[in-house]
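Trainee: Pasting work.cif below, which is mmCIF, C-alpha atoms.
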data_final
loop_
_atom_site.label_atom_id
_atom_site.label_comp_id
_atom_site.auth_asym_id
_atom_site.auth_seq_id
_atom_site.Cartn_x
_atom_site.Cartn_y
_atom_site.Cartn_z
CA ARG A 1 -5.46 10.31 10.79
CA SER A 2 -2.65 10.05 8.20
CA ARG A 3 -0.03 9.71 10.93
CA GLN A 4 -1.93 6.76 12.43
CA LEU A 5 -2.22 5.12 8.99
CA LEU A 6 1.53 5.49 8.48
CA GLU A 7 2.33 4.04 11.91
CA ASP A 8 -0.06 1.12 11.30
CA TYR A 9 1.50 0.43 7.89
CA LEU A 10 5.05 0.47 9.28
CA ARG A 11 4.06 -1.87 12.12
CA GLU A 12 2.09 -4.27 9.86
CA HIS A 13 4.99 -4.55 7.41
CA ASN A 14 7.66 -4.84 10.11
CA ILE A 15 9.47 -1.75 8.86
CA THR A 16 11.66 -0.75 11.74
CA GLN A 17 14.36 1.35 10.07
CA LEU A 18 11.92 4.27 9.80
CA ASP A 19 11.04 6.23 12.89
CA PRO A 20 7.51 7.59 12.30
CA ASN A 21 8.26 10.51 14.63
CA SER A 22 11.14 11.73 12.46
CA LEU A 23 8.88 11.68 9.40
CA TRP A 24 6.68 14.31 11.01
CA ASP A 25 9.29 16.42 12.81
CA TRP A 26 9.87 19.44 10.53
CA GLU A 27 12.63 20.82 12.72
CA GLU A 28 14.56 17.53 12.67
CA MET A 29 14.24 17.41 8.88
CA GLY A 30 15.55 20.98 8.58
CA GLN A 31 12.37 21.98 6.76
CA THR A 32 9.64 24.53 7.21
CA PRO A 33 6.07 23.27 6.80
CA GLY A 34 4.64 24.20 3.42
CA HIS A 35 7.87 24.12 1.42
CA GLY A 36 9.44 21.45 -0.74
CA THR A 37 8.25 18.61 -2.90
CA VAL A 38 5.34 16.41 -1.93
CA GLY A 39 5.21 12.94 -3.44
CA ALA A 40 2.90 9.97 -3.07
CA VAL A 41 2.72 6.40 -4.35
CA VAL A 42 -0.46 4.38 -3.88
CA PHE A 43 -1.69 0.83 -4.43
CA ASP A 44 -5.44 0.27 -4.08
CA GLY A 45 -5.00 -3.35 -2.97
CA ILE A 46 -6.69 -4.69 -6.08
CA ALA A 47 -4.75 -3.87 -9.22
CA ASN A 48 -4.13 -0.14 -9.54
CA LEU A 49 -0.97 1.84 -8.84
CA ALA A 50 -0.78 5.64 -8.90
CA ALA A 51 1.91 8.24 -8.30
CA ALA A 52 1.87 12.00 -7.81
CA THR A 53 4.56 14.62 -7.38
CA SER A 54 4.04 18.28 -6.55
CA THR A 55 7.25 20.27 -6.73
CA GLY A 56 8.35 22.94 -4.32
CA GLY A 57 10.27 24.49 -7.19
CA ILE A 58 13.80 25.80 -7.15
CA THR A 59 14.88 29.18 -5.81
CA GLY A 60 16.26 31.53 -8.44
CA LYS A 61 15.04 29.48 -11.39
CA LEU A 62 15.00 30.94 -14.88
CA PRO A 63 11.60 32.14 -16.08
CA GLY A 64 9.88 29.35 -17.98
CA ARG A 65 11.92 26.55 -16.44
CA VAL A 66 9.99 23.31 -16.20
CA GLY A 67 11.35 20.71 -13.79
CA ASP A 68 10.97 16.95 -13.70
CA SER A 69 7.69 16.77 -11.75
CA PRO A 70 5.31 17.35 -14.69
CA GLY A 71 7.31 15.07 -16.99
CA VAL A 72 5.96 11.52 -16.84
CA GLY A 73 8.94 9.18 -16.61
CA HIS A 74 11.27 11.78 -15.14
CA GLY A 75 9.97 12.78 -11.69
CA VAL A 76 6.82 10.67 -11.60
CA PHE A 77 5.65 7.41 -13.19
CA ALA A 78 3.06 4.69 -12.55
CA ASP A 79 2.15 1.53 -14.41
CA ASN A 80 -0.16 -1.13 -12.98
CA GLU A 81 2.16 -3.85 -14.29
CA ASN A 82 5.22 -2.82 -12.30
CA ALA A 83 5.52 0.22 -10.03
CA ALA A 84 4.50 3.69 -8.92
CA VAL A 85 7.39 6.14 -8.48
CA SER A 86 7.64 9.70 -7.16
CA CYS A 87 10.95 11.58 -7.19
CA THR A 88 12.41 14.80 -5.87
CA GLY A 89 15.72 16.52 -6.51
CA THR A 90 17.59 18.41 -9.21
CA GLY A 91 14.98 18.33 -11.98
CA GLU A 92 17.36 18.65 -14.93
CA THR A 93 19.33 15.57 -13.92
CA PHE A 94 16.17 13.53 -13.29
CA ILE A 95 15.03 14.50 -16.80
CA LYS A 96 18.36 13.59 -18.42
CA ALA A 97 18.44 10.20 -16.68
CA GLY A 98 14.69 9.43 -16.89
CA VAL A 99 14.87 8.32 -13.27
CA ALA A 100 11.22 7.47 -12.53
CA ARG A 101 10.81 5.36 -15.66
CA ARG A 102 14.22 3.75 -15.12
CA ILE A 103 13.15 2.65 -11.64
CA ALA A 104 9.88 1.20 -12.97
CA SER A 105 11.77 -0.65 -15.73
CA LEU A 106 14.12 -2.20 -13.19
CA VAL A 107 11.14 -3.30 -11.08
CA GLU A 108 9.47 -4.71 -14.20
CA ASN A 109 12.64 -6.74 -14.81
CA GLY A 110 12.47 -8.29 -11.35
CA GLN A 111 14.35 -5.86 -9.10
CA HIS A 112 12.96 -5.10 -5.63
CA PRO A 113 11.85 -1.43 -5.44
CA GLN A 114 14.61 -0.59 -2.95
CA VAL A 115 17.30 -2.05 -5.22
CA ALA A 116 15.77 -0.35 -8.28
CA ALA A 117 15.65 3.08 -6.60
CA THR A 118 19.25 2.76 -5.43
CA ALA A 119 20.46 1.68 -8.89
CA ALA A 120 18.60 4.46 -10.74
CA LEU A 121 19.88 7.20 -8.41
CA GLU A 122 23.43 5.84 -8.72
CA TYR A 123 23.05 5.81 -12.52
CA MET A 124 21.86 9.42 -12.50
CA SER A 125 24.64 10.54 -10.19
CA ASN A 126 27.36 8.79 -12.21
CA ARG A 127 26.00 9.71 -15.63
CA VAL A 128 24.83 13.31 -15.27
CA GLY A 129 25.39 14.29 -11.62
CA GLY A 130 22.63 15.61 -9.43
CA ASP A 131 21.01 14.39 -6.30
CA GLY A 132 17.60 13.69 -4.87
CA GLY A 133 15.43 10.79 -3.87
CA ALA A 134 12.61 8.48 -4.80
CA ILE A 135 9.77 6.56 -3.23
CA VAL A 136 8.62 3.39 -4.99
CA LEU A 137 5.76 0.94 -4.55
CA ASP A 138 5.35 -2.20 -6.65
CA LYS A 139 2.19 -4.16 -7.47
CA SER A 140 2.94 -6.59 -4.62
CA GLY A 141 3.12 -3.82 -2.02
CA ASN A 142 6.93 -3.79 -1.70
CA ILE A 143 8.39 -0.36 -1.04
CA GLY A 144 11.65 1.39 -1.78
CA ILE A 145 12.81 4.67 -0.29
CA GLN A 146 16.21 5.97 -1.37
CA TRP A 147 18.04 9.28 -1.65
CA ASN A 148 21.57 10.48 -2.38
CA SER A 149 21.02 14.02 -1.12
CA GLU A 150 21.36 15.43 2.39
CA MET A 151 17.66 14.92 2.98
CA MET A 152 14.55 13.97 1.16
#
As structure tokens - that is how I would like this structure written.
Mentor:
Amino acid sequence: RSRQLLEDYLREHNITQLDPNSLWDWEEMGQTPGHGTVGAVVFDGIANLAAATSTGGITGKLPGRVGDSPGVGHGVFADNENAAVSCTGTGETFIKAGVARRIASLVENGQHPQVAATAALEYMSNRVGGDGGAIVLDKSGNIGIQWNSEMM
């Protein structure tokens, strides 16, 4: 059912640069099902935005390390007035650059979600290094999907 919803959404919004088949092909993505970060951004069509990020963690991490996913404003952020954002990547650099909140601030100041995601990831990369990606949805239903890593 979720695949059909995605395909309908892409068709309805004339999004042609995404191939729905590649979004579901684990082998093509170089991934194994059940590993990695899962993120979601949602708009209820009325007035509410929400975001969620569940991290896949990092191999060989130090005991007690906390990544960006649980930190609101770093790996996840949502505000009904501007945007919902979910990020994945090198947690420490997302924390240092406050990527999710930075994206939402740029959207709040009039940037399209795609432009905002690109700018925030470039800022992070230039300022503190690191790579990853973000998905963004604004209160008008505009989306942004950007990454500066090999895959997202």
Trainee: Quote the spacing between atom CA of Gly45 of chain A and atom CA of Leu121 of chain A in Å to one decimal place.
Mentor: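 Computed distance, atom CA of Gly45 of chain A to atom CA of Leu121 of chain A, equals 27.6 Å.
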Trainee: May I ask for the distance between atom CA of Ala117 of chain A and atom CA of Val76 of chain A, given in Å to one decimal place?
Mentor: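 The value is 12.7 Å.
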Trainee: Report the residues retrieved by the PyMOL selection byres ((chain A and resi 96-110) around 7) from the displayed file, expressed as an MDAnalysis selection string.
Mentor: chainID A and resid 73:77 82:83 85:87 92:95 111:113 116:117 120 124
Trainee: Would you work out the distance separating atom CA of Asn126 of chain A from atom CA of Asp79 of chain A, expressed in Å to one decimal?
Mentor: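 Straight-line distance from atom CA of Asn126 of chain A to atom CA of Asp79 of chain A works out to 26.3 Å.
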Trainee: Using all atoms listed in the file - which residues lie no farther than 12 Å from the point (23.9, 12.5, 0.1) in the file's frame? Write them as a short mmCIF file (atom, residue, chain, number, x, y, z; two decimals) with C-alpha atoms, keeping the file's coordinate frame.
Mentor:
data_model
loop_
_atom_site.label_atom_id
_atom_site.label_comp_id
_atom_site.auth_asym_id
_atom_site.auth_seq_id
_atom_site.Cartn_x
_atom_site.Cartn_y
_atom_site.Cartn_z
CA GLY A 89 15.72 16.52 -6.51
CA LEU A 121 19.88 7.20 -8.41
CA GLU A 122 23.43 5.84 -8.72
CA SER A 125 24.64 10.54 -10.19
CA GLY A 129 25.39 14.29 -11.62
CA GLY A 130 22.63 15.61 -9.43
CA ASP A 131 21.01 14.39 -6.30
CA GLY A 132 17.60 13.69 -4.87
CA GLY A 133 15.43 10.79 -3.87
CA GLN A 146 16.21 5.97 -1.37
CA TRP A 147 18.04 9.28 -1.65
CA ASN A 148 21.57 10.48 -2.38
CA SER A 149 21.02 14.02 -1.12
CA GLU A 150 21.36 15.43 2.39
CA MET A 151 17.66 14.92 2.98
CA MET A 152 14.55 13.97 1.16
#
Trainee: Name every residue that the PyMOL selection byres ((chain A and resi 50) around 6) selects in this structure, writing the answer as a PyMOL selection string with chains first and numbers rising.
Mentor: chain A and resi 41-42+49+51+78+84
Trainee: Would you please work out which residue, of A:Arg127, A:Asn80, A:Ile135, A:Gln114, is nearest to Thr53 of chain A when using all atoms listed in the file?
Mentor: A:Ile135
